[in-house]
Structure formats: structure tokens, C-alpha cells
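Novice: Contents of data00.cif (mmCIF, C-alpha atoms):
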```
data_protein
loop_
_atom_site.label_atom_id
_atom_site.label_comp_id
_atom_site.auth_asym_id
_atom_site.auth_seq_id
_atom_site.Cartn_x
_atom_site.Cartn_y
_atom_site.Cartn_z
CA MET A 561 -15.62 5.40 -6.49
CA ASP A 562 -12.98 6.99 -4.23
CA ARG A 563 -9.86 4.85 -4.00
CA ASN A 564 -6.62 5.46 -2.12
CA ILE A 565 -4.23 3.17 -4.02
CA ASN A 566 -0.50 3.47 -4.83
CA ILE A 567 1.99 1.30 -6.69
CA VAL A 568 5.50 1.02 -5.26
CA THR A 569 8.56 -0.96 -6.29
CA ASN A 570 10.39 -2.99 -3.64
CA ALA A 571 14.13 -3.70 -3.31
CA GLU A 572 13.81 -6.76 -5.63
CA ASP A 573 12.29 -4.53 -8.35
CA LYS A 574 8.82 -6.11 -7.88
CA LYS A 575 5.76 -3.88 -7.96
CA ILE A 576 3.34 -3.90 -5.02
CA VAL A 577 -0.13 -2.37 -4.96
CA ILE A 578 -0.58 -0.45 -1.70
CA ILE A 579 -4.22 -0.33 -0.63
CA ASN A 580 -4.30 2.45 1.96
CA ASP A 581 -7.90 2.14 3.20
CA ILE A 582 -9.63 -0.83 4.76
CA LEU A 583 -13.21 -0.69 3.43
CA PHE A 584 -14.23 -4.15 4.54
CA LYS A 585 -13.53 -4.38 8.26
CA GLY A 586 -15.90 -6.97 9.71
CA LYS A 587 -14.70 -8.15 13.12
CA ARG A 588 -16.07 -11.67 12.73
CA LYS A 589 -16.42 -12.05 8.98
CA GLU A 590 -16.57 -9.97 5.85
CA ASP A 591 -19.80 -8.92 4.19
CA TRP A 592 -19.25 -10.56 0.81
CA ASP A 593 -22.48 -9.11 -0.56
CA LEU A 594 -20.95 -5.63 -0.09
CA VAL A 595 -17.72 -6.80 -1.76
CA GLU A 596 -19.75 -8.12 -4.70
CA MET A 597 -21.66 -4.83 -5.03
CA TYR A 598 -18.36 -2.93 -4.94
CA LEU A 599 -16.87 -5.12 -7.69
CA LYS A 600 -19.86 -4.49 -9.98
CA GLU A 601 -18.51 -0.97 -10.50
CA TYR A 602 -15.65 -2.47 -12.55
CA VAL A 603 -17.90 -4.50 -14.90
CA GLY A 604 -17.58 -3.46 -18.54
CA ASN A 605 -14.13 -1.93 -18.08
CA PHE A 606 -10.77 -3.24 -19.18
CA TYR A 607 -7.29 -2.60 -17.83
CA GLU A 608 -3.91 -3.07 -19.46
CA MET A 609 -1.02 -5.07 -18.03
CA GLU A 610 2.20 -3.02 -18.04
CA ALA A 611 4.50 -5.97 -18.72
CA THR A 612 2.70 -7.31 -21.80
CA SER A 613 0.20 -4.59 -22.88
CA GLU A 614 -2.54 -7.24 -22.77
CA LYS A 615 -6.05 -5.98 -22.09
CA ILE A 616 -7.91 -7.75 -19.29
CA PHE A 617 -11.67 -7.24 -19.31
CA ILE A 618 -14.08 -7.34 -16.39
CA SER A 619 -17.24 -9.29 -17.24
CA SER A 620 -20.52 -9.48 -15.36
CA ASP A 621 -19.66 -12.90 -13.88
CA PHE A 622 -16.52 -11.62 -12.11
CA PRO A 623 -18.13 -10.06 -8.98
CA ASP A 624 -20.08 -13.25 -8.19
CA GLU A 625 -17.11 -15.55 -8.79
CA TYR A 626 -14.78 -13.39 -6.68
CA SER A 627 -17.24 -13.22 -3.78
CA ASN A 628 -18.84 -16.67 -3.84
CA SER A 629 -16.35 -19.15 -5.32
CA GLU A 630 -15.45 -22.39 -3.54
CA ASN A 631 -11.98 -20.96 -3.08
CA ARG A 632 -13.32 -17.85 -1.30
CA ILE A 633 -15.66 -19.85 0.95
CA ARG A 634 -12.67 -21.78 2.33
CA LEU A 635 -10.88 -18.55 3.33
CA LYS A 636 -10.79 -17.57 7.00
CA GLY A 637 -9.44 -14.74 9.11
CA ALA A 638 -6.80 -12.36 7.81
CA VAL A 639 -6.63 -13.95 4.35
CA ALA A 640 -10.39 -13.55 3.84
CA LYS A 641 -10.11 -9.91 4.93
CA ALA A 642 -7.14 -9.46 2.57
CA LYS A 643 -9.15 -10.79 -0.39
CA ALA A 644 -12.13 -8.58 0.46
CA ASN A 645 -9.94 -5.47 0.61
CA ALA A 646 -7.87 -6.42 -2.44
CA SER A 647 -11.06 -5.81 -4.43
CA GLN A 648 -10.33 -2.05 -4.15
CA GLY A 649 -7.15 -2.41 -6.21
CA ILE A 650 -8.34 -4.51 -9.16
CA PRO A 651 -7.20 -2.04 -11.88
CA GLU A 652 -3.75 -1.68 -10.32
CA LEU A 653 -3.40 -5.42 -9.66
CA ILE A 654 -4.05 -6.09 -13.33
CA ARG A 655 -1.54 -3.40 -14.25
CA ILE A 656 1.31 -4.96 -12.22
CA ALA A 657 0.56 -8.63 -12.99
CA THR A 658 3.57 -10.61 -14.23
CA ASN A 659 4.81 -14.11 -15.07
CA GLY A 660 1.72 -15.45 -16.82
CA LYS A 661 1.48 -19.23 -16.82
CA TYR A 662 -0.90 -20.90 -19.29
CA SER A 663 -3.02 -24.00 -18.64
CA VAL A 664 -5.61 -25.68 -20.84
CA ASN A 665 -9.24 -25.73 -19.84
CA THR A 666 -10.20 -29.13 -18.43
CA LYS A 667 -13.75 -28.48 -17.18
CA LYS A 668 -16.68 -28.90 -19.51
CA LYS A 669 -18.62 -26.13 -17.74
CA HIS A 670 -15.98 -23.64 -18.95
CA SER A 671 -15.85 -24.88 -22.55
CA MET A 672 -17.16 -21.56 -23.90
CA ASN A 673 -16.08 -18.98 -21.32
CA ALA A 674 -12.52 -20.38 -21.16
CA LYS A 675 -12.31 -22.00 -24.59
CA TYR A 676 -8.66 -20.98 -25.04
CA GLY A 677 -7.60 -21.84 -21.50
CA TRP A 678 -6.50 -20.07 -18.35
CA TYR A 679 -3.65 -17.82 -17.31
CA ARG A 680 -2.30 -17.30 -13.79
CA TYR A 681 -0.37 -14.12 -13.14
CA GLU A 682 1.62 -13.22 -10.03
CA ILE A 683 0.53 -10.16 -8.06
CA LYS A 684 1.47 -8.53 -4.76
CA PHE A 685 -0.50 -6.13 -2.60
CA ALA A 686 -0.18 -4.56 0.83
CA LEU A 687 -2.76 -3.62 3.43
CA PRO A 688 -2.29 -1.27 6.39
CA VAL A 689 -2.09 -2.49 9.98
CA LEU A 690 -3.44 0.11 12.38
CA ASN A 691 -2.73 0.50 16.09
CA ASP A 692 -5.84 -0.62 18.01
CA GLN A 693 -5.76 2.29 20.47
CA THR A 694 -4.59 5.24 18.38
CA ARG A 695 -5.81 4.04 14.94
CA SER A 696 -2.46 5.24 13.57
CA LEU A 697 -0.59 3.33 10.89
CA GLU A 698 1.94 0.83 12.24
CA ARG A 699 3.01 -0.99 9.07
CA TYR A 700 1.72 -2.73 5.95
CA ASN A 701 1.29 -6.49 5.62
CA ILE A 702 2.31 -7.74 2.19
CA TYR A 703 0.40 -10.49 0.38
CA SER A 704 1.24 -12.45 -2.75
CA ALA A 705 -1.48 -14.03 -4.87
CA ASN A 706 -2.38 -15.37 -8.30
CA MET A 707 -4.73 -13.55 -10.61
CA LEU A 708 -6.75 -16.08 -12.62
CA VAL A 709 -7.72 -14.95 -16.14
CA ARG A 710 -9.86 -16.89 -18.60
CA HIS A 711 -9.28 -16.72 -22.36
CA ALA A 712 -12.78 -16.80 -23.82
CA ASN A 713 -14.14 -17.90 -27.18
CA ASP A 714 -14.36 -14.23 -28.27
CA GLY A 715 -10.55 -14.08 -28.03
CA LYS A 716 -10.59 -11.67 -25.07
CA LYS A 717 -9.10 -12.29 -21.64
CA TYR A 718 -11.35 -11.81 -18.62
CA LEU A 719 -10.43 -11.54 -14.96
CA TYR A 720 -11.96 -14.53 -13.20
CA ASP A 721 -10.68 -14.53 -9.61
CA ILE A 722 -7.78 -13.89 -7.26
CA LEU A 723 -6.46 -17.10 -5.70
CA ASP A 724 -3.70 -18.49 -3.49
CA ILE A 725 -3.44 -15.40 -1.29
CA LYS A 726 -0.54 -15.74 1.14
CA LYS A 727 0.78 -13.28 3.68
CA GLU A 728 4.49 -12.84 3.17
CA THR A 729 6.61 -13.65 6.17
CA SER A 730 9.39 -11.25 5.22
CA SER A 731 9.57 -7.93 7.00
CA PRO A 732 6.45 -5.84 6.34
CA LEU A 733 6.55 -2.36 4.88
CA GLU A 734 7.06 0.15 7.69
CA SER A 735 5.09 3.37 7.68
#
```
So, in terms of C-alpha cells, how does the structure I just supplied come out?
Specialist:
Amino acid sequence: MDRNINIVTNAEDKKIVIINDILFKGKRKEDWDLVEMYLKEYVGNFYEMEATSEKIFISSDFPDEYSNSENRIRLKGAVAKAKANASQGIPELIRIATNGKYSVNTKKKHSMNAKYGWYRYEIKFALPVLNDQTRSLERYNIYSANMLVRHANDGKKYLYDILDIKKETSSPLES
């Protein structure tokens, strides 16, 4: 899996994952089956968060949840494209995740796979904006999001989804 990903630190000392390639570029809508197939390459791996040294595992249910959740189905336009392309930076997004907030599990359907509750971590990523005519890089749009992690009955934490993706209105990263 070739990936062109960097991590930078902004002026506020926050880390941002820079995703330099746009793999999922559907004009009308994204091909979520392709996104799901791409995510399957991460299954069975784990990645460590820099801030806490916690290991976050990728289970076999992650690609389907990421690509077919109710939350994803509601996404439209640039935010849907941002989520599709954020899939390329999963290891780095886990690495930079911060400010974990715990919540108890309230749904019976998750009584085993999230027995010890849920954590939401803050993440930021950036995607390139290319000039339509020259295909040259104009700038990067920055997005903030929450990484949802479930704490399972085996005591491990598993990446479940990326939610609440919002394009930041501050000045984008210039090329």
C-alpha cells in the first residue's frame, strides 16, 4: 500500500495529518465499496497513540462500519470526500489522536464489543486542493473530526469510526 502521508505541527502546537494524494475522487459520489476494500488492508494491525502510548487495534468490523454507518450515509459533498480520503491516513490519525473523552455504552447491541464503553479522540487532517486547469497544488483544506474507539470485553481498544468531520474555516495551509 503506497501512501503519501506527513504529520506537521501547526502554530498552536496541534498535529495535523497531511494526506497528499486524493485516491477517492468521484465527481458525483464516492465509491464506498472501494474505500471499504482499502480499509481491509489495516485489519489485524494496531497503532500506538503518541500522547498516551495506548494501542488501538483494527478489527474486521471496522471497514464496514467506516463505509456503511448511518453517520457516513448522511454525509454529502466535500465532507463525504474528506472521510473517504481520510481512510488513507488511519495509522497517522491514531498516532496524533488527543483529548480522549470516555462515555459508557448505552446500546444493548454493543454490550460485548464495547463492554467497557467508548472513547472519542480529537484528530485533524488536511487534504490538497488542486487547480482545475493545471492540476497544481493550490492549498490544503484542514478538517477536524472525532475518532470513535470502542473498549471491548477483551480489554483492547478498537477503532470503530471517524465522526463529526468539519472543515475548518480558518486559513487553509498554503502550498
Novice: To one decimal in Å, tell me the separation between atom CA of A:Asn564 and atom CA of A:Lys717.
Specialist: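 About the pair atom CA of A:Asn564 and atom CA of A:Lys717: they are 26.5 Å apart.
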Novice: Return the single residue from A:Phe606, A:Tyr703, A:Tyr679, A:Tyr626 that is closest to A:Arg655, with distances computed using all atoms listed in the file.
Specialist: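 The shortest atom-to-atom distance to A:Arg655 comes from A:Phe606.
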Novice: If the PyMOL selection byres ((chain A and resi 632) around 10) is run on the structure shown, which residues does it catch, given as a list in words?
Specialist: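 Output from the PyMOL selection byres ((chain A and resi 632) around 10), applied to this file: Trp592, Glu625, Tyr626, Ser627, Asn628, Ser629, Glu630, Asn631, Ile633, Arg634, Leu635, Lys636, Val639, Ala640, Lys643, Ala644, Asp721, Ile722, Leu723 and Asp724 of chain A.
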Novice: Out of A:Ala674, A:Asn665, A:Glu610, A:Glu601, which residue has the shortest atom-to-atom distance to A:Leu653 when counting all atoms listed in the file?
Specialist: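 Using all atoms listed in the file, the shortest distance to A:Leu653 belongs to A:Glu610.
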Novice: Quick one: residues within 8 Å of A:Tyr662, all atoms listed in the file, excluding same-chain residues fewer than 3 positions away - as a list of chain:residue names?
Specialist: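 These residues fall inside the cut-off: A:Gly677, A:Trp678, A:Tyr679, A:Arg680.
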Novice: Of the residues A:Val664, A:Leu687, A:Ile656, A:Ala705, which is the one nearest to A:Lys574, using only C-alpha atoms?
Specialist: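 Looking at the shortest contact to A:Lys574, the residue is A:Ile656.
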Novice: Which residues, written as a tab-separated table (two decimals) with C-alpha atoms, keeping the file's coordinate frame, have at least one atom at most 8 Å from A:Ile654, with all atoms listed in the file counted and residues fewer than 2 positions away on the same chain left out?
Specialist:
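Result file follows (out24.tsv):
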```
chain	number	residue	atom	x	y	z
A	607	TYR	CA	-7.29	-2.60	-17.83
A	608	GLU	CA	-3.91	-3.07	-19.46
A	609	MET	CA	-1.02	-5.07	-18.03
A	616	ILE	CA	-7.91	-7.75	-19.29
A	650	ILE	CA	-8.34	-4.51	-9.16
A	651	PRO	CA	-7.20	-2.04	-11.88
A	652	GLU	CA	-3.75	-1.68	-10.32
A	656	ILE	CA	1.31	-4.96	-12.22
A	657	ALA	CA	0.56	-8.63	-12.99
A	707	MET	CA	-4.73	-13.55	-10.61
```
